[in-house]
Amino acid sequence: MALKNIDIDIDKTWEIYRNHKEASVRQTAKEELIVHYSSMIKYVVGRLNIYVGTSMDKEDLISSGIFGLIDAIEKFDGEKGVKFETYASLRIRGSVLDSIRSLDWVPRTQRQKNRQLDTAYSELEAELGREPEEAELAQFMNIPLEQVQEEIKKSSLVSLISLDDYLDQNHEGSFEPAGDDETSPEAVFAKEELKQEIAEAIKTLSEKEQMVVALYYYEELTLKEISKVLQVSESRVSQIHSKAMLKMRARLEKHKALLLT
């Protein structure tokens with residue numbers, strides 16, 4: 001399904017879609033909205049590609065994203081004061097992640113391997129007093145170097161899916177869990193402490209790892225855009241990102257409970 005943006009009066013099109021009496025006219029307006037906002041799908045998929053790399057068909061992810069966009073258009077309530085782009089990006093992202101889950105792309109055994117990798121990295125780092133090399137990890141875990149490199153690459157997506165399981169990406173409303181007092185002194189202190197820990201963890205990354213983290217999480221560039229900035233392949237950017245996430249997880253382990261609330 002190829003979509004291209006078209007020039008329309010977006011406010012008028014929304015008005016027609018919501019209020020016109022004729023179903024055929026509303027359907028035409030809906031199709032115009034889908035085409036108008038279609039670039040959001042490529043953007044969301046482009047950002048998620050830093051996790052999945054070339055391991056999944058991009059067209060399949062885009063197709064899933066289209067369903068998320070359609071769902072967003074059908075359920076969007078402009079009276080709630082949320083921008084449609086913000087709402088739709090969550091729906092699109094949730095739809096793509098649901099597609100990944102439905103394919104069982106990250107089975108339970110891979111999650112176990114991810115935990116083993118994190119544990120091994122932390123233990124070896126404590127033993128050596130520095131960041132372990134991949135070859136040292138392989139020796140410590142008694143597995144081939146190629147397998148360690150593959151597990152590091154896969155661990156990035158596992159972390160994304162595990163964290164996202166705790167976020168209500170497919171429903172309206174806030175990300176904060178119901179009943180949590182986010183303004184209590186304890187909650188504020190915990191959040192600030194976590195921010196500081198993340199900042200300190202980023203400082204320990206290599207220059208290229210810091211660059212990838214900054215471009216992805218702060219500048220919100222896609223995998224393709226980051227590869228152009230760094231002048232390396234997209235697979236290399238994904239590899240650098242995966243290694244950075246492994247290092248940061250090792251340092252943020254004590255904050256896992258907070259991260260997953």
# chains A, B, ... in the order shown; residues from 1 in each chain; ligands from 1

call {"tool": "residues_around", "arguments": {"residues": "region 63-71 of chain A", "least_positions_apart": "3", "cutoff": "9 Å", "atoms": "only C-alpha atoms", "output": "ChimeraX atom specification"}}
result
/A:1,30,33-34,37-38,40-42,44-45,58-60,74-76,88-99,170

call {"tool": "residues_around", "arguments": {"residues": "region 199-203 of chain A", "least_positions_apart": "5", "cutoff": "7 Å", "atoms": "only C-alpha atoms", "output": "PyMOL selection string"}}
result
chain A and resi 210+248+251

call {"tool": "atom_distance", "arguments": {"atom1": "CA of Thr13 (chain A)", "atom2": "CA of Asp77 (chain A)"}}
result
14.9 Å

call {"tool": "atom_distance", "arguments": {"atom1": "CA of Ala250 (chain A)", "atom2": "CA of Asp118 (chain A)"}}
result
6.2 Å

call {"tool": "atom_distance", "arguments": {"atom1": "CA of Gly81 (chain A)", "atom2": "CA of Glu31 (chain A)"}}
result
23.6 Å

call {"tool": "closest_residue", "arguments": {"among": "A:Tyr17, A:Phe140, A:Tyr43, A:Tyr87", "to": "Glu220 (chain A)", "atoms": "only C-alpha atoms"}}
result
A:Tyr43

call {"tool": "residues_around", "arguments": {"residues": "region 225-228 of chain A", "least_positions_apart": "5", "cutoff": "12 Å", "atoms": "only C-alpha atoms", "output": "PyMOL selection string"}}
result
chain A and resi 43+46-47+49-50+208-209+211-217+219-220+233-241

call {"tool": "write_last_selection", "arguments": {"atoms": "C-alpha atoms", "output": "short mmCIF file (atom, residue, chain, number, x, y, z; two decimals), in the first residue's frame"}}
result
data_model
loop_
_atom_site.label_atom_id
_atom_site.label_comp_id
_atom_site.auth_asym_id
_atom_site.auth_seq_id
_atom_site.Cartn_x
_atom_site.Cartn_y
_atom_site.Cartn_z
CA TYR A 43 9.06 8.12 10.68
CA GLY A 46 12.42 4.44 10.82
CA ARG A 47 13.03 5.05 14.52
CA ASN A 49 14.51 0.18 12.93
CA ILE A 50 17.38 1.00 15.26
CA LYS A 208 30.27 7.29 19.04
CA GLU A 209 27.87 5.60 21.47
CA MET A 211 26.51 10.43 19.64
CA VAL A 212 24.06 7.67 18.66
CA VAL A 213 22.18 7.98 21.96
CA ALA A 214 21.98 11.77 21.61
CA LEU A 215 20.85 11.67 17.98
CA TYR A 216 18.23 8.98 18.62
CA TYR A 217 16.77 9.88 22.02
CA GLU A 219 17.33 14.75 18.46
CA GLU A 220 14.80 11.99 17.58
CA SER A 233 25.96 1.94 7.55
CA GLU A 234 22.56 1.57 9.23
CA SER A 235 23.60 -1.86 10.54
CA ARG A 236 26.67 -0.27 12.15
CA VAL A 237 24.49 2.36 13.86
CA SER A 238 22.22 -0.41 15.16
CA GLN A 239 25.28 -2.28 16.46
CA ILE A 240 26.62 0.81 18.25
CA HIS A 241 23.18 1.44 19.77
#

call {"tool": "select_by_dssp", "arguments": {"residues": "region 17-159 of chain A", "states": "alpha helix (DSSP H)", "output": "NGL selection string"}}
result
:A and (17-19 or 23-36 or 39-52 or 58-75 or 84-102 or 108-128 or 134-141 or 145-159)
